[in-house]
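Chemist: A single structure is presented below for examination.
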Amino acid sequence: MNYFSLNKKAPNTSFKDAVIKGLAPDKGLYFPEHITPLPKSFFENIDQLSYSEIAFQAIKQFVSPEIPESVLKVIIEETLNFNFPVIELDNNISTLELFHGPTMAFKDVGARFMARCLGYFNTNNTKVTVLVATSGDTGGAVANGFLGVKGVNVVILYPSGKVSDIQEKQLTTLGQNITALEVDGVFDDCQDMVKQAFLDEDLTSKMQLTSANSINVARWLPQLFYFMFAYKQLHHKHKEIVFSIPSGNFGNICAGMMAQKLGLPIQHFVASNNANNVVTEYLKTETYIPKPSVQTISNAMDVGNPSNFIRIQEIYNNDFSILKENLSSYSFTDEETRVALKDIYTTYNYIADPHGAVGYLGCKSYLKNNSNSHCVFLETAHPTKFLDVVESVIKTKIDLPPQIEAVMDKEKVATSISNYEDLKAFLIQKNKA
Ligand SMILES: *Cc1c(COP(=O)(O)O)cnc(C)c1O
């Protein structure tokens, strides 16, 4: 599959180059040239297909021929070695648990898939540096997904004091080919520095940089599997399926929209936001105004200018009315999120994390006027990743799962930086080593 830049000022390129480059030379996000819907029979017979077969059929067109089918099968098998259960809370609401991977955040799938693609492409031992900014979970998932991949160095920027203890441990304790940079600033500062590095020709002439944020097609696209997996589990019982996606950079929801493009019968999407409400406002006013991000208890969604929004517009033909038919968006305060956490616990005896709780609130808002729908909110992280918030609200201790337990005693290793010059000097130094 070839990809074009959404800025339309760069040549089209192969899947391989899109993965290695991350961002197009004109700074645009890559988007597939064609999207061919899957045959109707695929969805009719989905019960007969395993999760790996579903994933294989769904993503094949986007990665072939550069990734041969036999290789793709192995990559998928290795990527999806955990479960994606849907838990029905009541007749109108379910949650899709995306936290059963090694770092207990939904980003594990994208990170594992991308790492294996890059590992496959990286046959001639050129060194690639994956540079990634994280507001919390990306760092851990990418660090874990890329750990030990030959020829790939991973450098993670995270905002000092603005990720949870567990998240920090997950991205600062692995060692090997993974380095963490602790940035004196907020997530947007981290993201800006990463963007600046990609635009710095002096730097990019010296080293091959790529991103592992959802701007990278190999990180973004495999997320469309989730929606198909949920459909497989729900379609017998529920016909009008709506997904409420706790959104930050809007990569996950945008992957769901790709699943819909492939023919998955999804009735509607709900973009559930915390106080960072650029898209909620956009749907009200038709004006897109990026804002500095504000800190919330659902910190992986503290994004003031969601990078994938441009892909969403492309999916719906840059037509505001089509977009509005398919997408609603609501924004919730931390206080509302805490109340929701408690509500989910007392009503359903289910422990959500703050991001999932925002998704739950999105379902509730949508269902008010659409009571026949079945709304699935994505549980994007395990509640223990946000232990302080969750335990203080539900007033119950949660046991640490083994994946988390394993990192808690390890020692943090991170280098502090405060501006782009620090980052550049670090990267050049590292590349020489
Ligand atoms: C990254 C993340 C999100 C936001 O996902 P996007 O694809 O950036 O919209 C939501 N919840 C959690 C727990 C995350 O880690």
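By order in the structure tokens, chains are A, B, ...; within a chain, residues start at 1; ligands start at 1, following the order shown.
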Run DSSP on the backbone of this structure and report the residues of region 113-200 of chain A it assigns to strand (DSSP E), as a PyMOL selection string.

Modeler: chain A and resi 128-133+152-159+178-183

Chemist: Counting only C-alpha atoms and all ligand atoms, what are the residues, protein, DNA or RNA alike, that approach ligand 1 to within 10 Å? I want them as a ChimeraX atom specification.

Modeler: /A:98-99,104-108,134-141,167,213-215,219-220,223,245-255,271-273,298-303,306-309,353-356,358-359,378-383,385-386

Chemist: Pull the alpha helix (DSSP H) assignments for region 261-391 of chain A out of DSSP run on the backbone, and list those residues as an MDAnalysis selection string.

Modeler: chainID A and resid 261 278:285 309:315 320:326 334:348 354:369 387:391

Chemist: For a quick check of understanding, using only C-alpha atoms, which of A:Ser52, A:Thr173, A:Thr79, A:Asn122 has the smallest distance to Met408 (chain A)?

Modeler: A:Thr173

Chemist: Do you know which residues are at most 9 Å from region 14-25 of chain A counting only C-alpha atoms, after dropping those on the same chain fewer than 2 positions away, and could you put them as an MDAnalysis selection string?

Modeler: chainID A and resid 1:7 9:12 27:30 32 62:67 114 117:118 121 128 198:199 208:213 215:219

Chemist: When you look at Lys206 (chain A) with a cut-off of 9 Å (counting only C-alpha atoms), what residues show up, excluding the ones that are within fewer than 3 positions of it in the same chain? I need them as a list in words.

Modeler: Glu201, Asp202, Leu203, Ile428 and Asn431 of chain A

Chemist: Where does region 244-331 of chain A meet region 360-366 of chain A within 7 Å, residue by residue, with the nearest atom pair and distance in Å to one decimal for each, counting only C-alpha atoms, listed by chain and rising number, as CSV?

Modeler:
residue,atom,partner,partner_atom,distance
A:Ser244,CA,A:Cys363,CA,5.9
A:Val270,CA,A:Gly362,CA,6.4
A:Ser272,CA,A:Gly362,CA,5.2
A:Tyr330,CA,A:Gly362,CA,6.1

Chemist: Those same residues, written as a tab-separated table (two decimals), in the first residue's frame with C-alpha atoms?

Modeler:
chain	number	residue	atom	x	y	z
A	244	SER	CA	-17.15	5.78	23.36
A	270	VAL	CA	-18.35	9.23	20.89
A	272	SER	CA	-14.97	11.40	25.29
A	330	TYR	CA	-18.45	15.42	25.27

Chemist: Considering only C-alpha atoms, state which residue in the set A:Leu49, A:Ala425, A:Ile156, A:Ile241 is at the smallest distance from Gln260 (chain A).

Modeler: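 Of all the options, A:Ile241 lies closest to Gln260 (chain A).
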
Chemist: When you look at His238 (chain A) with a cut-off of 9 Å (counting only C-alpha atoms), what residues show up, excluding the ones that are within fewer than 3 positions of it in the same chain? I need them as a ChimeraX atom specification.

Modeler: /A:91-92,234-235,241,373-374

Chemist: Can you tell me, as a list in words, what residues are no more than 7 Å from Ala340 (chain A) when counting only C-alpha atoms, ignoring any on the same chain fewer than 3 positions away?

Modeler: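 Here the qualifying residues turn out to be Glu336, Thr337, Asp343, Ile344, Ala357 and Leu361 of chain A.
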
Chemist: Could you write out that same residue set with N, CA and C atoms as an mmCIF file, in the first residue's frame?

Modeler:
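Below is the file result-v5.cif, written as the result:
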data_model
loop_
_atom_site.group_PDB
_atom_site.id
_atom_site.type_symbol
_atom_site.label_atom_id
_atom_site.label_comp_id
_atom_site.auth_asym_id
_atom_site.auth_seq_id
_atom_site.Cartn_x
_atom_site.Cartn_y
_atom_site.Cartn_z
ATOM 1 N N GLU A 336 -16.411 15.271 37.794
ATOM 2 C CA GLU A 336 -17.381 14.358 37.172
ATOM 3 C C GLU A 336 -16.759 12.969 36.976
ATOM 4 N N THR A 337 -15.481 12.959 36.643
ATOM 5 C CA THR A 337 -14.794 11.685 36.424
ATOM 6 C C THR A 337 -14.708 10.889 37.717
ATOM 7 N N ASP A 343 -19.473 5.710 40.801
ATOM 8 C CA ASP A 343 -20.749 5.226 40.300
ATOM 9 C C ASP A 343 -20.583 3.835 39.648
ATOM 10 N N ILE A 344 -19.549 3.695 38.847
ATOM 11 C CA ILE A 344 -19.311 2.412 38.167
ATOM 12 C C ILE A 344 -19.028 1.327 39.211
ATOM 13 N N ALA A 357 -13.423 5.908 32.884
ATOM 14 C CA ALA A 357 -14.546 6.613 33.504
ATOM 15 C C ALA A 357 -15.032 7.762 32.620
ATOM 16 N N LEU A 361 -18.767 8.133 30.989
ATOM 17 C CA LEU A 361 -19.583 9.350 30.994
ATOM 18 C C LEU A 361 -20.041 9.707 29.583
#

Chemist: Quick one: pull the distance between CA of Tyr282 (chain A) and CA of Met228 (chain A), Å, one decimal.

Modeler: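 The value is 27.9 Å.
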
Chemist: Could you check the closest approach to Leu341 (chain A) for each of A:Glu69, A:Glu391, A:Glu240, A:Glu325 and tell me which residue wins, using only C-alpha atoms?

Modeler: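 Among the listed residues, the smallest separation from Leu341 (chain A) belongs to A:Glu391.
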